[in-house]
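Below is one structure; the comments refer to it alone.
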Number of protein chains: 2
Amino acid sequence: MRDVSVIGAGMVRFGKQPDKTLAEIAWPAVKQAIDDAGVSKPEIEAAWCGTALGGMMSGQRILKAVGLTGLPIVNVENACSSSSSAFREAWIAVAGGLYDVALVIGVEKLTRFGGGTLPLEREDFEVAHGMTMPALYGMRAKRYMHDYGLTPEQLAMVAVKAHDHGALNEDAQYRNRITVDEVMAARPIADPFTLLHCCPSGDGAAALVIAADSVAGRYSGKPVRVLASELASGKYMTGFRDMTTPEITVRGAKKAYEMAGVGPEDVDVAEVHDAFTIAELLYYEALGFCERGDAAGLLEDGETSLGGRIPVNPSGGLLSKGHPIGATGAAQMVEIVRQLRGECGGRQVEGARVGLTHCTGGGISGFDHGACSIHIFRN
Amino acid sequence: MRDVSVIGAGMVRFGKQPDKTLAEIAWPAVKQAIDDAGVSKPEIEAAWCGTALGGMMSGQRILKAVGLTGLPIVNVENACSSSSSAFREAWIAVAGGLYDVALVIGVEKLTRFGGGTLPLEREDFEVAHGMTMPALYGMRAKRYMHDYGLTPEQLAMVAVKAHDHGALNEDAQYRNRITVDEVMAARPIADPFTLLHCCPSGDGAAALVIAADSVAGRYSGKPVRVLASELASGKYMTGFRDMTTPEITVRGAKKAYEMAGVGPEDVDVAEVHDAFTIAELLYYEALGFCERGDAAGLLEDGETSLGGRIPVNPSGGLLSKGHPIGATGAAQMVEIVRQLRGECGGRQVEGARVGLTHCTGGGISGFDHGACSIHIFRN
């Protein structure tokens, strides 16, 4: 299969936009990505749109608004991994030789549901019994605290770091800095989480243009190579489970590193799926950024903050930048592309060469996710 | 890109199954396809699930029920073309060399919405003003009657033919034969349609296993080659429109025939998207089975009935076999695979070598569809 690069990236600031249609939310991100790539609309051969809850024909409605019509459009749903999965579908088609230039969109309008936690599938046994996302991650946090001595203060520091980074990102939903005390004093959600341990609900969109390396040089957009594109689903094992090891992420990361020919020690910057504070800590370990049980230490030492050894979520992450489900995967990639191009201004990770995005979600059977996608990029 | 064949096909009888979950509806179709292919579950490297309204993580929920876990699963939404688009995604990945063996699922449970016409997207301007599918196709029928002298009796004959075929298909939702008089006397829906001019609502699932030709010989499932896989979206032209020419189908068919290296005269059997009686007649012309204005003659002469020159919808089509949106595209392919293998018993098209499936839908801006997929197969 052929080498593929991202040549254009765009996004709109995440936030609540209840008065806009899905297409109105998304089209500026698409236009920005196309302009950034320096492609003309007729050169885009196909499009994939990731959305979890956008409704039928989301991609078509958006591209009609952009005036990009007639081309093959496929909508992809994989819960939190919707647009990272859409990206992978586009990558498969370009790497496989069917198309040279393709567009990826991620979009969501969660305000249509009135806010609160996600409208999960009621056919799922655990969900029907109350195993919503905050409950699930809350249980994981309690277990990790018990097993590894994580303190409530350390857990709150994940949110503090996210907001410190998000304050530097004009596309972030929340740009206010917060303190450990404020996190701990916020409204309780699911023990040990307060509101500030949980990512916000909101609307948003992000988009990318990708091209085969053989043609990427024709366009003005500075290319960022896709080294690995990996997608896994859960194994849904019954019986005894280690609930603080996200097995799907461990497995997906192993495959992604193999494909990319790099290891966790080579990653200069990462966007990981911090839907809840504990999640980011679990993923440090699952992605190999530190040993088991050392996540809180890595955080406290500042290694995952801007200026540290491996800055995680310089964009502010889901906790501060926001998490409009279907938009998140593409937005993570927009951040990594901009980091690897050196376009991030005050939140730039200096000298970043290799970046990783990690998007996982879709609760099925409690602790296993339905889709985890990991991508590795290099400038 | 590599040659790819379907090596396994399965489906469950379409109909109303309100007491089953989506996974319970679908897993028997998946199992049938896997058994038919003669592959073991670990040999399936990835899966795509087409569903328009199944909800988040449909494919994951189904494959968990089958015990097929860990592999990459992508859910695809393209309205009526959801599972035909899912098939195309799988085909791209196998033809492009990423995987050797992949699974495609189509599924829908419309009874969760309580019946009636589809819950279309209210953000669409025309839909919000009452342009539902029966209204849209009703207008097309009236225009075609005006322009070409199509009679109400001829229009009703499409439904009569569909039920004649469906009566021979044990997977059809409706297996009763009907008369022209019965069609015309049924409850009015949208002039000139009565209830029997409209496809029924229901639940169902279908599945296919595909493989690169280089490995297909390892499995017992009799291969049927994919000659063409095409997907188009609408152009959403404003101003004067020929509302009885489905431009997206004309354009998609042209590309599909070019890719397959065959013409409409080579097609021995076709499954086309007869969501309403008029649709089948319009698609005869758009797919090149007859000249403009000659569709009613082709039908009246029995050329599209079993035993005719080009039998259309031997399965009973959407009108009789049923139309659980996301399942339809895959079910059309199951029928064509079985026809090209000579497995169709009383409804077998003798000596069929080349078969075509046509799936189109997703109303955007009235007369243009959001997704039209056309596939051509050869035994």
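Following the order of the structure tokens, chains are lettered A, B, ..., residues in each are numbered from 1, and ligands are numbered from 1.
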>> List as a PyMOL selection string the protein and nucleic acid residues near Asp213 (chain B), meaning an atom at most 12 Å away when only C-alpha atoms are counted, but skip any in the same chain fewer than 4 places from it.
In response: chain B and resi 1-7+91+94-95+97+99-101+217-219+222-227
> When the cut-off is 7 Å and we count only C-alpha atoms, which residues of chain A are near chain B, given as number ranges by chain?
Replying inline: A: 1, 21, 52, 55-57, 60, 69-79, 85, 92-93, 96-97, 121, 123, 231-235, 362, 370
>> With only C-alpha atoms as the counted atoms, please give the residues lying no more than 9 Å from region 333-336 of chain A, apart from itself and same-chain residues fewer than 6 positions off, as JSON, numbers by chain.
In response: {"A": [8, 9, 10, 11, 84, 206, 207, 208, 269, 270, 271, 313, 314, 315, 344, 354, 355, 356, 357, 375, 377]}
>> What's around region 180-191 of chain B at 8 Å? Count only C-alpha atoms, leave out sequence neighbours fewer than 5 positions away in its own chain, and write the answer as a count of residues only.
In response: 13
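Taking CA of Gly202 (chain B) and CA of Phe14 (chain B) as the two end points, the separation is 6.6 Å.
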> Could you name the residues that touch Pro264 (chain B) at 12 Å or less, counting only C-alpha atoms, but leaving out those on the same chain fewer than 3 positions away, as a ChimeraX atom specification?
Replying inline: /B:250,253-258,260-261,267-270,283-291,309-310,354-356,376
> Which residue gives the smallest distance to His146 (chain A) among A:Ala211, A:Asn176, A:Thr244, A:Ala295, with only C-alpha atoms counted?
Replying inline: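 Between A:Ala211, A:Asn176, A:Thr244, A:Ala295, the residue approaching His146 (chain A) most closely is A:Thr244.
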